[in-house]
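Have a look at start-v5.cif; it's mmCIF, C-alpha atoms:
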data_work
loop_
_atom_site.group_PDB
_atom_site.id
_atom_site.type_symbol
_atom_site.label_atom_id
_atom_site.label_comp_id
_atom_site.auth_asym_id
_atom_site.auth_seq_id
_atom_site.Cartn_x
_atom_site.Cartn_y
_atom_site.Cartn_z
ATOM 1 C CA MET A 336 -51.639 9.894 -6.052
ATOM 2 C CA ASN A 337 -50.935 6.370 -4.759
ATOM 3 C CA ARG A 338 -48.252 5.821 -7.403
ATOM 4 C CA ARG A 339 -46.568 9.107 -6.490
ATOM 5 C CA LEU A 340 -46.560 8.106 -2.806
ATOM 6 C CA ASN A 341 -44.981 4.740 -3.670
ATOM 7 C CA LEU A 342 -42.236 6.478 -5.674
ATOM 8 C CA ILE A 343 -41.512 8.849 -2.789
ATOM 9 C CA ILE A 344 -41.324 5.951 -0.311
ATOM 10 C CA ALA A 345 -39.081 3.944 -2.658
ATOM 11 C CA SER A 346 -36.800 6.962 -3.179
ATOM 12 C CA ALA A 347 -36.569 7.581 0.562
ATOM 13 C CA GLY A 348 -35.786 3.893 1.137
ATOM 14 C CA LEU A 349 -32.931 3.991 -1.384
ATOM 15 C CA SER A 350 -31.539 7.130 0.247
ATOM 16 C CA VAL A 351 -31.576 5.528 3.698
ATOM 17 C CA PHE A 352 -29.974 2.348 2.300
ATOM 18 C CA SER A 353 -27.204 4.426 0.663
ATOM 19 C CA LEU A 354 -26.502 6.255 3.920
ATOM 20 C CA LEU A 355 -26.352 2.981 5.851
ATOM 21 C CA ALA A 356 -23.990 1.435 3.304
ATOM 22 C CA THR A 357 -21.680 4.440 3.622
ATOM 23 C CA ALA A 358 -21.757 4.270 7.410
ATOM 24 C CA VAL A 359 -20.919 0.540 7.393
ATOM 25 C CA GLN A 360 -17.779 0.955 5.250
ATOM 26 C CA ALA A 361 -14.605 0.311 7.203
ATOM 27 C CA GLU A 362 -12.359 3.168 8.137
ATOM 28 C CA ALA A 363 -8.860 3.357 6.721
ATOM 29 C CA THR A 364 -6.205 1.215 8.411
ATOM 30 C CA HIS A 365 -2.782 2.683 9.178
ATOM 31 C CA TYR A 366 0.587 0.965 9.623
ATOM 32 C CA GLN A 367 4.031 2.309 10.551
ATOM 33 C CA CYS A 368 6.815 0.104 9.200
ATOM 34 C CA THR A 369 10.462 0.703 10.096
ATOM 35 C CA TYR A 370 13.731 -0.656 8.719
ATOM 36 C CA THR A 371 17.419 0.003 9.342
ATOM 37 C CA HIS A 372 18.975 -0.336 5.889
ATOM 38 C CA ALA A 373 18.281 -0.930 2.208
ATOM 39 C CA VAL A 374 20.048 -3.409 -0.068
ATOM 40 C CA PHE A 375 20.694 -2.552 -3.751
ATOM 41 C CA THR A 376 21.360 -5.147 -6.433
ATOM 42 C CA ALA A 377 21.803 -4.862 -10.196
ATOM 43 C CA PRO A 378 23.253 -7.016 -12.975
ATOM 44 C CA PHE A 379 26.180 -4.606 -13.373
ATOM 45 C CA MET A 380 27.137 -4.717 -9.661
ATOM 46 C CA LYS A 381 29.703 -7.251 -8.441
ATOM 47 C CA THR A 382 28.264 -7.289 -4.901
ATOM 48 C CA PRO A 383 25.060 -5.892 -3.418
ATOM 49 C CA GLY A 384 25.242 -2.393 -1.992
ATOM 50 C CA THR A 385 23.874 -1.419 1.401
ATOM 51 C CA ARG A 386 22.616 1.978 2.498
ATOM 52 C CA ASP A 387 22.102 2.533 6.224
ATOM 53 C CA CYS A 388 19.236 4.753 7.315
ATOM 54 C CA PRO A 389 20.012 8.067 9.010
ATOM 55 C CA GLU A 390 19.209 8.165 12.723
ATOM 56 C CA GLU A 391 19.227 4.331 12.797
ATOM 57 C CA HIS A 392 15.877 3.769 11.089
ATOM 58 C CA CYS A 393 13.698 4.707 8.114
ATOM 59 C CA LYS A 394 9.962 4.259 7.887
ATOM 60 C CA TYR A 395 6.994 3.704 5.645
ATOM 61 C CA ALA A 396 3.679 5.290 6.635
ATOM 62 C CA ILE A 397 1.029 3.042 5.071
ATOM 63 C CA THR A 398 -2.694 3.699 4.728
ATOM 64 C CA ILE A 399 -5.096 1.043 3.476
ATOM 65 C CA ASP A 400 -8.565 2.115 2.367
ATOM 66 C CA GLY A 401 -10.468 -0.794 0.847
ATOM 67 C CA SER A 402 -8.611 -2.104 -2.199
ATOM 68 C CA SER A 403 -6.260 0.872 -2.534
ATOM 69 C CA GLY A 404 -3.400 2.181 -0.460
ATOM 70 C CA THR A 405 -0.754 4.831 -0.028
ATOM 71 C CA ILE A 406 2.864 4.572 1.115
ATOM 72 C CA ASN A 407 4.514 7.752 2.434
ATOM 73 C CA GLY A 408 1.803 9.805 0.729
ATOM 74 C CA VAL A 409 2.206 8.144 -2.683
ATOM 75 C CA SER A 410 -1.160 6.800 -3.838
ATOM 76 C CA GLY A 411 -2.103 4.268 -6.482
ATOM 77 C CA PHE A 412 -1.156 1.051 -4.691
ATOM 78 C CA ASN A 413 -3.384 -1.965 -5.240
ATOM 79 C CA VAL A 414 -4.126 -3.919 -2.058
ATOM 80 C CA GLU A 415 -4.559 -7.677 -1.737
ATOM 81 C CA GLN A 416 -4.996 -9.342 1.631
ATOM 82 C CA ASP A 417 -6.047 -12.467 3.412
ATOM 83 C CA SER A 418 -5.831 -13.601 7.019
ATOM 84 C CA ASN A 419 -2.017 -14.050 6.835
ATOM 85 C CA MET A 420 -0.681 -11.274 4.617
ATOM 86 C CA LEU A 421 -1.249 -7.790 3.258
ATOM 87 C CA LYS A 422 0.285 -6.903 -0.101
ATOM 88 C CA LEU A 423 0.525 -3.473 -1.721
ATOM 89 C CA SER A 424 1.744 -3.235 -5.310
ATOM 90 C CA ARG A 425 2.166 -0.461 -7.862
ATOM 91 C CA THR A 426 3.698 0.000 -11.291
ATOM 92 C CA ALA A 427 4.503 3.512 -12.501
ATOM 93 C CA LYS A 428 6.449 5.180 -15.297
ATOM 94 C CA ASP A 429 9.938 6.278 -14.275
ATOM 95 C CA PRO A 430 10.123 9.961 -15.313
ATOM 96 C CA ILE A 431 13.932 10.090 -15.193
ATOM 97 C CA MET A 432 15.104 6.804 -16.728
ATOM 98 C CA GLY A 433 12.010 5.952 -18.742
ATOM 99 C CA GLY A 434 10.654 2.443 -18.433
ATOM 100 C CA MET A 435 8.516 1.252 -15.562
ATOM 101 C CA ASP A 436 9.149 1.010 -11.815
ATOM 102 C CA THR A 437 7.484 -1.772 -9.844
ATOM 103 C CA THR A 438 7.008 -1.676 -6.076
ATOM 104 C CA THR A 439 5.656 -4.472 -3.866
ATOM 105 C CA LEU A 440 5.397 -4.304 -0.079
ATOM 106 C CA THR A 441 4.188 -7.419 1.762
ATOM 107 C CA ILE A 442 3.303 -7.488 5.469
ATOM 108 C CA ASN A 443 3.127 -10.817 7.288
ATOM 109 C CA LYS A 444 0.130 -10.333 9.609
ATOM 110 C CA THR A 445 1.258 -13.130 11.934
ATOM 111 C CA ASP A 446 4.498 -11.512 13.144
ATOM 112 C CA MET A 447 4.088 -8.055 11.500
ATOM 113 C CA THR A 448 7.350 -8.292 9.554
ATOM 114 C CA PHE A 449 7.532 -6.845 6.053
ATOM 115 C CA GLU A 450 9.571 -6.962 2.890
ATOM 116 C CA ALA A 451 9.474 -4.213 0.273
ATOM 117 C CA VAL A 452 10.988 -4.664 -3.188
ATOM 118 C CA LYS A 453 11.297 -1.872 -5.749
ATOM 119 C CA THR A 454 12.671 -2.547 -9.220
ATOM 120 C CA THR A 455 13.671 0.372 -11.441
ATOM 121 C CA THR A 456 15.151 0.805 -14.878
ATOM 122 C CA PRO A 457 17.808 -0.570 -15.644
ATOM 123 C CA SER A 458 17.022 -3.591 -13.431
ATOM 124 C CA VAL A 459 18.146 -2.061 -10.141
ATOM 125 C CA THR A 460 16.393 -3.721 -7.194
ATOM 126 C CA LEU A 461 16.054 -2.075 -3.782
ATOM 127 C CA THR A 462 14.979 -4.370 -0.927
ATOM 128 C CA THR A 463 14.051 -3.361 2.607
ATOM 129 C CA LYS A 464 12.917 -5.556 5.496
ATOM 130 C CA GLY A 465 11.656 -4.672 8.933
ATOM 131 C CA ARG A 466 8.714 -4.614 11.313
ATOM 132 C CA CYS A 467 5.312 -2.905 11.298
ATOM 133 C CA SER A 468 2.952 -1.744 13.999
#
Please render this file's structure as structure tokens.
Amino acid sequence: MNRRLNLIIASAGLSVFSLLATAVQAEATHYQCTYTHAVFTAPFMKTPGTRDCPEEHCKYAITIDGSSGTINGVSGFNVEQDSNMLKLSRTAKDPIMGGMDTTTLTINKTDMTFEAVKTTTPSVTLTTKGRCS
């Protein structure tokens, strides 16, 4: 009987500990980042191309939840951060061109500026810069 009581107490203790650990986890963090234009470069282009955003700005809606993140509803971003910067990165197969697309978005926590770089097949790079809140 004593052993059974000890097992019940131990089980209840683990359950309470699990609930507390869940309650202590940080909530997701959200950022809105805006930019006014995107710059395209590629080895076959003589000069970089620029695409202005409609209505004077475009945006990224970013959600960070632990070590993963989403940008504009697209999940699968790995998150690295320290006291000065927040970096989201993702590599995914390009369904149209084949090959792999790589995206990196870095937020400077000091002044809340960002730079996003996406590289697609065949070596086309899209760069955006702006500010987050």
Using all atoms listed in the file, which residues sit within 9 Å of Thr426 of chain A once same-chain residues fewer than 5 positions away are excluded, as a VMD selection string? chain A and resid 411 to 412 435 to 439
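Counting only C-alpha atoms, the residue from A:Met432, A:Ile399, A:Thr385, A:Leu421 that sits nearest to Glu450 of chain A is A:Leu421.
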Would you list the contacts of His372 of chain A as a CSV table (one decimal) with C-alpha atoms, in the coordinates of the input, taking every protein, DNA or RNA residue within 7 Å and counting only C-alpha atoms, but skipping same-chain residues closer than 2 positions in sequence?
chain,number,residue,atom,x,y,z
A,370,TYR,CA,13.7,-0.7,8.7
A,374,VAL,CA,20.0,-3.4,-0.1
A,385,THR,CA,23.9,-1.4,1.4
A,386,ARG,CA,22.6,2.0,2.5
A,387,ASP,CA,22.1,2.5,6.2
A,388,CYS,CA,19.2,4.8,7.3
A,463,THR,CA,14.1,-3.4,2.6
Nearest to Val452 of chain A by atom-to-atom distance, counting all atoms listed in the file, from A:Lys422, A:Pro389, A:His365, A:Lys428: A:Lys422
Figure out the distance between atom CA of Val414 of chain A and atom CA of Thr445 of chain A, please, to one decimal in Å.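 Between atom CA of Thr445 of chain A and atom CA of Val414 of chain A the gap is 17.6 Å.
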Once the PyMOL selection byres ((chain A and resi 366) around 8) has been applied to the shown file, what residues remain in the selection, as JSON, numbers by chain? {"A": [364, 365, 367, 368, 396, 397, 398, 467, 468]}
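Atom CA of Lys394 of chain A lies 17.5 Å from atom CA of Asp446 of chain A.
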Under the PyMOL selection byres ((chain A and resi 402) around 8), which residues of this model are included? Write them out as a list in words. Ile399, Asp400, Gly401, Ser403, Gly404, Asn413, Val414 and Glu415 of chain A
One decimal, Å: what's the distance from atom CA of Thr454 of chain A over to atom CA of Glu391 of chain A, could you say?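 Between atom CA of Thr454 of chain A and atom CA of Glu391 of chain A the gap is 24.0 Å.
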Determine the residue membership of the PyMOL selection byres ((chain A and resi 457) around 10) for the file above and supply it as a ChimeraX atom specification. /A:377-379,432-436,454-456,458-460
Dump C-alpha atoms for the selected residues as a PDB file, in the coordinates of the input?
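Result file follows (again13.pdb):
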ATOM      1  CA  ALA A 377      21.803  -4.862 -10.196  1.00  0.00           C
ATOM      2  CA  PRO A 378      23.253  -7.016 -12.975  1.00  0.00           C
ATOM      3  CA  PHE A 379      26.180  -4.606 -13.373  1.00  0.00           C
ATOM      4  CA  MET A 432      15.104   6.804 -16.728  1.00  0.00           C
ATOM      5  CA  GLY A 433      12.010   5.952 -18.742  1.00  0.00           C
ATOM      6  CA  GLY A 434      10.654   2.443 -18.433  1.00  0.00           C
ATOM      7  CA  MET A 435       8.516   1.252 -15.562  1.00  0.00           C
ATOM      8  CA  ASP A 436       9.149   1.010 -11.815  1.00  0.00           C
ATOM      9  CA  THR A 454      12.671  -2.547  -9.220  1.00  0.00           C
ATOM     10  CA  THR A 455      13.671   0.372 -11.441  1.00  0.00           C
ATOM     11  CA  THR A 456      15.151   0.805 -14.878  1.00  0.00           C
ATOM     12  CA  SER A 458      17.022  -3.591 -13.431  1.00  0.00           C
ATOM     13  CA  VAL A 459      18.146  -2.061 -10.141  1.00  0.00           C
ATOM     14  CA  THR A 460      16.393  -3.721  -7.194  1.00  0.00           C
TER      15      THR A 460
END
Because the input lacks atoms here, generate N, CA, C and O atoms for segment 374-386 of chain A and report them as a compact mmCIF listing (two decimals), keeping the file's coordinate frame.
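Saved result, rebuild-v7.txt, follows:
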# COMPACT_ATOMS: atom_id res chain seq x y z
N VAL A 374 19.07 -2.66 0.72
CA VAL A 374 20.05 -3.41 -0.07
C VAL A 374 19.75 -3.18 -1.55
O VAL A 374 18.62 -3.36 -2.01
N PHE A 375 20.80 -2.79 -2.32
CA PHE A 375 20.69 -2.55 -3.75
C PHE A 375 21.38 -3.68 -4.51
O PHE A 375 22.49 -4.07 -4.16
N THR A 376 20.72 -4.18 -5.54
CA THR A 376 21.36 -5.15 -6.43
C THR A 376 21.07 -4.74 -7.87
O THR A 376 20.06 -4.10 -8.15
N ALA A 377 21.97 -5.12 -8.77
CA ALA A 377 21.80 -4.86 -10.20
C ALA A 377 22.73 -5.78 -10.96
O ALA A 377 23.77 -6.20 -10.43
N PRO A 378 22.40 -6.12 -12.19
CA PRO A 378 23.25 -7.02 -12.98
C PRO A 378 24.68 -6.49 -13.15
O PRO A 378 25.62 -7.26 -13.25
N PHE A 379 24.85 -5.18 -13.15
CA PHE A 379 26.18 -4.61 -13.37
C PHE A 379 27.00 -4.46 -12.08
O PHE A 379 28.15 -4.05 -12.13
N MET A 380 26.42 -4.82 -10.93
CA MET A 380 27.14 -4.72 -9.66
C MET A 380 27.78 -6.05 -9.30
O MET A 380 27.14 -7.09 -9.42
N LYS A 381 29.03 -6.02 -8.84
CA LYS A 381 29.70 -7.25 -8.44
C LYS A 381 29.15 -7.78 -7.13
O LYS A 381 29.02 -8.99 -6.95
N THR A 382 28.85 -6.89 -6.19
CA THR A 382 28.26 -7.29 -4.90
C THR A 382 27.12 -6.34 -4.58
O THR A 382 27.11 -5.19 -5.03
N PRO A 383 26.16 -6.79 -3.80
CA PRO A 383 25.06 -5.89 -3.42
C PRO A 383 25.58 -4.70 -2.61
O PRO A 383 26.55 -4.81 -1.87
N GLY A 384 24.91 -3.57 -2.77
CA GLY A 384 25.24 -2.39 -1.99
C GLY A 384 24.26 -2.24 -0.84
O GLY A 384 23.12 -2.68 -0.93
N THR A 385 24.73 -1.64 0.24
CA THR A 385 23.87 -1.42 1.40
C THR A 385 23.89 0.06 1.76
O THR A 385 24.96 0.69 1.76
N ARG A 386 22.73 0.59 2.05
CA ARG A 386 22.62 1.98 2.50
C ARG A 386 21.94 1.99 3.86
O ARG A 386 20.78 1.58 3.98
